[in-house]
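Only one structure is covered here, and it is reproduced in the block below.
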Amino acid sequence: MLEPAILGLGLAALLGLGTGAPMCLSQQFKMQGDYILGGLFPLGLAEEADLHLRTQPSSIVCTRFTSIGLFLVMAMKMAVEEINNSSTLLPGLQLGYDLFDTCSEPVVTMKPSLMFLAKEGGSSIAAYCDYRQYQPRVLAVIGPHSSELALTTGKFFSFFLMPQVSYGASMDRLSSREMFPSFFRTVPSDHVQLTAMVTLLHRFGWNWVAALGSDDDYGREGLSTFSSLAHSRGICIAYERLMPLPRTSGQHLNKVYDVLQQVKQTQVQVVVLFASARTAQAFFQHSIRCGLTPKVWVGSEAWLTSDLVMTLPGISQVGTVLGFLQQGALLPEFSRYVETRLALATEPTFCASLGANKSLEEGVVGARCPQCDQITLRNLSAGLMQNLSAGQLHHQIFATYAAVYSVAQALHNTLKCSTSSCPTQEPVKPWQLLENMYNMSFHARGLALQFDSSGNVHMAYELKMWVWQSATPRLHTVGTFNGSLQLQSAQMHWHTPGNQVPVSRCSQQCGEGQVRRVKGFHSCCFDCTDCRAGSYRRSPDDVSCTPCEQNQWSPERSTLCFPRRHRFLAWGEPAVLLLLLLLGLVLGLVLAALVLFIRQRESPLVWASGGPLACFGLACLGLMGLSVLLFPGQPGPVRCLAQQPLAHLALTGCLSTLFLQAAEIFVESELPPSWATWLQSHLQGPGAWVLVLLATLLEAALCAWSLVAFPPEVVTDWQVLPTEALEHCRLHSWVGLGLVHITNAALAFLCFLGTFLVQSRPGRYNRARGLTFAMLAYFVTWISFVPLLTNVQVAYQPAVHMGALLLCALGILAAVHLPKCHLLLWRPELNTPEFFLGRALGGATDGGGAGAQGSGE
């Protein structure tokens with residue numbers, strides 16, 4: 001970096017030459033040349049009492065010396081000497097310089113600034129209508145170092161369109177071309193630095209911070225920009241305050257203590273301090289005295305490398321200090337150059353060659369740096385070792401070095417110099433130089449730089465951390481920022497036990513699947529609430545749960561949604577398997593009864609049951625059982641349309657045959673013989689088949705009406721099941737379902753009426769009882785079906801339909817057909833005409849007409 005070991009050895013050797021001899025440093029701050037560059041550097045500090053008690057416009061004496069300003073002066077001198085010795089940049093021309101101390105005060109900075117604007121060869125500024133031919137004493141100005149000073153000088157220089165290149169003023173307001181058309185800088189604006197700070201806070205999850213700034217233009221603008229950037233990244237500022245500038249009055253101390261008390265009360269662990277070096281120094285003095293608990297301090301560039309802060313007694317107690325400094329090319333020979341120049345400043349012969357007469361500028365403005373000539377090498381050595389070690393000032397030294405090269409490149413372009421010579425012409429005016437600086441590219445130590453339209457340069461930042469290896473901290477690079485933040489976490493040393501990363505949050509991070517419910521005024525203070533099923537937390541900063549898409553689902557406290565699986569009444573479900581077993585039982589019984597009836601088709605029992613009509617009824621009963629196979633499986637349009645008609649048409653066929661048997665029983669038992677004989681002749685033979693056909697056609701018509709008026713459709717229901725999408729056949733109306741039941745309900749009701757009140761005859765088979773129980777089974781089944789279908793989950797409604805059809809079929813089988821099968825198989829002796837038909841085959845009836853069939857047993 002800056003070779004601290006070599007520098008230390010050189011200084012040790014110099015101390016032996018004459019440690020007590022004063023230096024002629026200020027005499028080296030002026031050099032003649034073809035074009036003169038002005039320079040403004042913070043070489044001293046004024047006493048605080050001298051400033052706020054000042055009542056007359058007299059000169060201010062800067063009594064205290066700051067070594068940092070001297071190093072920046074050396075950087076400018078080295079750059080000018082390199083350019084003068086260069087054969088490619090401004091060949092044949094010599095740059096000179098005229099450097100002054102700003103004392104870090106606007107009042108002091110004004111005098112040399114006005115002197116720079118004075119007419120060449122004089123000390124006054126003339127008033128002209130047109131300044132195009134005006135030639136001031138200097139061509140451009142390097143400096144000043146701070147934004148507060150640049151705001152003051154920038155308007156003066158902008159009036160004359162004199163280029164001003166600052167090596168440290170970073171306020172974003174200086175980017176305004178309307179207010180500061182001639183201002184440039186070789187450091188990025190504060191907006192970039194603050195963006196890096198906010199990115200750092202966001203990376204570590206520090207969303208509950210205090211923000212403090214110095215009560216000047218630099219602190220006010222920085223704090224305002226930080227507040228807006230932090231808000232956009234979800235970082236809450238628990239306490240925000242501008243700190244008063246350093247004063248010794250009691251009122252000032254009370255304000256500082258009030259700030260410290262508020263920082264304590266907010267319980268923040270991270271403080272952003274965007275302040276000038278002197279304000280930061282005063283603040284840390286009081287915080288150390290008050291015993292403020294260690295915290296993470298994210299500092300601005302203005303105080304991060306200041307020896308005013310770094311050398312404070314007890315500064316190691318404040319905690320962890322982080323901050324960003326711009327990168328830049330290395331200047332490895334700079335330490336040797338400083339050593340050489342300081343050695344010359346102690347040589348009496350060299351000092352005598354510079355001359356002791358005051359220049360015109362010093363006669364008007366005053367001594368350039370009187371305190372510089374009063375120090376000795378021994379006074380300076382401690383500051384040199386302290387600041388140059390580990391390259392703490394590298395970023396500012398390179399920025400000053402690059403500023404000189406930018407002006408030289410602009411002059412090279414304005415003069416249209418080649419790599420070997422520059423043409424002879426009239427002296428360049430500052431405004432002519434300015435025209436070539438807009439969007440200009442230049443190089444400094446191999447690093448390509450370019451001014452943008454606002455006069456800024458783009459440079460990457462290094463994240464620096466204070467690391468204590470002695471009483472004074474050293475800056476270690478622990479990351480970089482060039483649009484994105486790259487951290488070297490292993491190099492970070494925190495003040496916390498176990499080197500744990502500090503936590504600074506108003507509320508603890510919510511768990512997975514929880515969102516924030518903000519309480520109070522800060523979005524970072526919240527309670528955590530669980531996301532319900534069907535919603536999820538999209539990001540950790542969400543304040544409300546995001547509903548899943550229609551085709552997705554999520555459990556409670558979820559961070560993502562899952563695709564819904566399509567669900568329908570599958571063949572492999574337990575309910576379906578159980579119903580299929582029941583279907584097998586029904587079909588087995590129907591088939592067995594049908595085979596038995598066909599084999600015994602000439603027997604009295606079969607003839608008494610209707611003969612072929614009984615077999616037709618059994619076949620319909622089997623078809624009704626088979627119709628339940630349309631309900632399980634993935635529904636489709638054809639399947640939905642066919643389910644109800646096929647099942648109820650088959651049931652109508654079965655019930656119509658049973659109605660004929662009930663009608664015969666009623667006619668035979670309740671009507672006079674003459675009427676009974678006539679009606680029985682129409683209830684048997686072709687007339688019976690006509691009645692069955694009419695009933696079936698009526699049911700078919702009602703089914704067609706239901707399908708046209710209330711067509712079922714295949715729908716996908718996304719709401720009924722929590723994790724699945726239910727596909728089912730939806731009935732548009734209960735009216736449509738009622739239409740297909742009208743015929744069957746009427747037949748069952750008439751059949752029940754025809755058999756319920758019939759008186760049985762002794763010695764005869766009681767057919768009425770079986771029909772009565774069969775109809776009771778029908779009504780119990782379908783009356784129970786309605787409330788069950790209404791209350792059961794939609795996914796199992798097809799199973800309810802299946803169960804109702806199968807139970808109805810099983811009830812009819814058990815009440816009507818199975819007792820007859822029992823007689824055919826195990827009581828064949830009762831299978832006689834007398835028992836079933838009430839007469840011998842070919843003989844007369846028992847007091848009734850032909851074919852009269854009693855109902856007694």
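Ordering of the structure tokens sets the chain letters (A, B, ...), residue numbers begin anew at 1 in every chain, and ligands are numbered from 1 in the order given.
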
* DSSP on the backbone, then: every residue of segment 710-835 of chain A marked strand (DSSP E), written as JSON, numbers by chain. => {"A": [713, 714, 715, 716, 717, 724, 725, 726, 727, 728, 729, 730]}

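Near Ser507 of chain A, within 8 Å and counting only C-alpha atoms, sit Cys524, Cys525, Phe526 and Asp527 of chain A, not including residues fewer than 3 positions from it in the same chain.
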
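Proximity ranking of A:Leu594, A:Leu354, A:Val407, A:Cys548 relative to Arg564 of chain A places A:Cys548 first, based on only C-alpha atoms.
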
For segment 23-114 of chain A against segment 329-346 of chain A, with a cut-off of 9 Å and counting only C-alpha atoms, what is the closest atom pair and its distance in Å to one decimal for every residue that makes the cut, ordered by chain and number, as a tab-separated table?
residue	atom	partner	partner_atom	distance
A:Met23	CA	A:Ala345	CA	5.0
A:Cys24	CA	A:Ala345	CA	5.1
A:Leu25	CA	A:Ala345	CA	5.8
A:Gln28	CA	A:Ala345	CA	8.4
A:Phe71	CA	A:Val338	CA	7.6
A:Met74	CA	A:Val338	CA	6.6
A:Ala75	CA	A:Phe334	CA	7.5
A:Met78	CA	A:Tyr337	CA	7.4

Write the residues of the selection above to a file with N, CA and C atoms, as a tab-separated table (two decimals), in the first residue's frame.
chain	number	residue	atom	x	y	z
A	23	MET	N	10.46	23.99	9.71
A	23	MET	CA	10.41	23.65	8.30
A	23	MET	C	9.97	24.85	7.48
A	24	CYS	N	10.41	24.87	6.22
A	24	CYS	CA	9.95	25.90	5.28
A	24	CYS	C	8.92	25.30	4.34
A	25	LEU	N	7.88	24.73	4.93
A	25	LEU	CA	6.88	24.05	4.12
A	25	LEU	C	6.05	25.03	3.30
A	28	GLN	N	6.96	26.09	-0.18
A	28	GLN	CA	6.86	25.13	-1.27
A	28	GLN	C	5.45	25.06	-1.84
A	71	PHE	N	-0.59	16.01	3.48
A	71	PHE	CA	-0.45	14.86	2.58
A	71	PHE	C	-1.16	15.12	1.26
A	74	MET	N	0.94	17.33	-0.79
A	74	MET	CA	2.02	16.55	-1.39
A	74	MET	C	1.53	15.75	-2.60
A	75	ALA	N	0.29	15.25	-2.53
A	75	ALA	CA	-0.26	14.50	-3.66
A	75	ALA	C	-0.41	15.40	-4.88
A	78	MET	N	3.11	16.16	-6.26
A	78	MET	CA	3.67	15.03	-6.97
A	78	MET	C	3.04	14.88	-8.35

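Residues within 9 Å of Pro645 of chain A, counting only C-alpha atoms and excluding same-chain residues fewer than 4 positions away, are Leu641, Leu649, Ala650, Glu699, Ala700, Cys703, Ala704, Leu707 and Val740 of chain A.
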
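Put simply, atom CA of Ala402 of chain A is 8.5 Å away from atom CA of Arg445 of chain A.
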
* Polymer residues at most 9 Å from His817 of chain A, only C-alpha atoms, same-chain spacing of 2 or more positions, as a ChimeraX atom specification -> /A:590,593,618,770,812-815,819-822

What does the file look like for those residues with N, CA, C and O atoms, as a short mmCIF file (atom, residue, chain, number, x, y, z; two decimals), in the first residue's frame?
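Output (again-v6.cif):
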data_model
loop_
_atom_site.label_atom_id
_atom_site.label_comp_id
_atom_site.auth_asym_id
_atom_site.auth_seq_id
_atom_site.Cartn_x
_atom_site.Cartn_y
_atom_site.Cartn_z
N VAL A 590 -79.87 -61.32 -8.68
CA VAL A 590 -80.74 -61.14 -9.85
C VAL A 590 -80.52 -62.25 -10.86
O VAL A 590 -81.48 -62.84 -11.40
N ALA A 593 -81.93 -65.54 -9.49
CA ALA A 593 -83.40 -65.56 -9.54
C ALA A 593 -83.90 -65.68 -10.98
O ALA A 593 -84.87 -66.39 -11.27
N LEU A 618 -86.97 -58.67 -13.40
CA LEU A 618 -85.65 -59.02 -12.86
C LEU A 618 -84.52 -58.48 -13.73
O LEU A 618 -83.51 -58.00 -13.23
N GLY A 770 -95.23 -59.13 0.25
CA GLY A 770 -93.92 -58.88 -0.36
C GLY A 770 -93.88 -57.57 -1.11
O GLY A 770 -92.90 -56.80 -1.02
N ILE A 812 -86.11 -54.60 -3.15
CA ILE A 812 -87.10 -55.26 -4.00
C ILE A 812 -86.80 -56.75 -4.11
O ILE A 812 -87.71 -57.60 -4.03
N LEU A 813 -85.52 -57.09 -4.29
CA LEU A 813 -85.14 -58.50 -4.37
C LEU A 813 -85.50 -59.23 -3.08
O LEU A 813 -86.07 -60.33 -3.09
N ALA A 814 -85.15 -58.63 -1.93
CA ALA A 814 -85.36 -59.31 -0.66
C ALA A 814 -86.83 -59.45 -0.33
O ALA A 814 -87.23 -60.45 0.30
N ALA A 815 -87.64 -58.47 -0.73
CA ALA A 815 -89.05 -58.52 -0.35
C ALA A 815 -89.91 -59.30 -1.33
O ALA A 815 -90.93 -59.90 -0.93
N PRO A 819 -88.05 -64.56 -1.48
CA PRO A 819 -88.96 -65.56 -0.86
C PRO A 819 -89.48 -66.58 -1.86
O PRO A 819 -89.64 -67.77 -1.53
N LYS A 820 -89.71 -66.15 -3.10
CA LYS A 820 -90.19 -67.09 -4.12
C LYS A 820 -89.09 -68.07 -4.50
O LYS A 820 -89.36 -69.26 -4.73
N CYS A 821 -87.86 -67.57 -4.59
CA CYS A 821 -86.75 -68.47 -4.88
C CYS A 821 -86.60 -69.50 -3.76
O CYS A 821 -86.26 -70.67 -4.01
N HIS A 822 -86.82 -69.05 -2.52
CA HIS A 822 -86.75 -69.97 -1.39
C HIS A 822 -87.78 -71.09 -1.54
O HIS A 822 -87.46 -72.27 -1.30
#

* Which one of A:Ala410, A:Val259, A:Val309, A:Val138 sits closest to Gly122 of chain A if you count only C-alpha atoms? -> A:Val138

* To do: Would you mind listing what lies within 8 Å of segment 580-583 of chain A as a PyMOL selection string, with only C-alpha atoms counted and same-chain residues fewer than 2 positions away left out?
  => chain A and resi 576-578+585-587+625-626+806

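Going from atom CA of Met171 of chain A over to atom CA of Tyr97 of chain A, you cover 26.1 Å.
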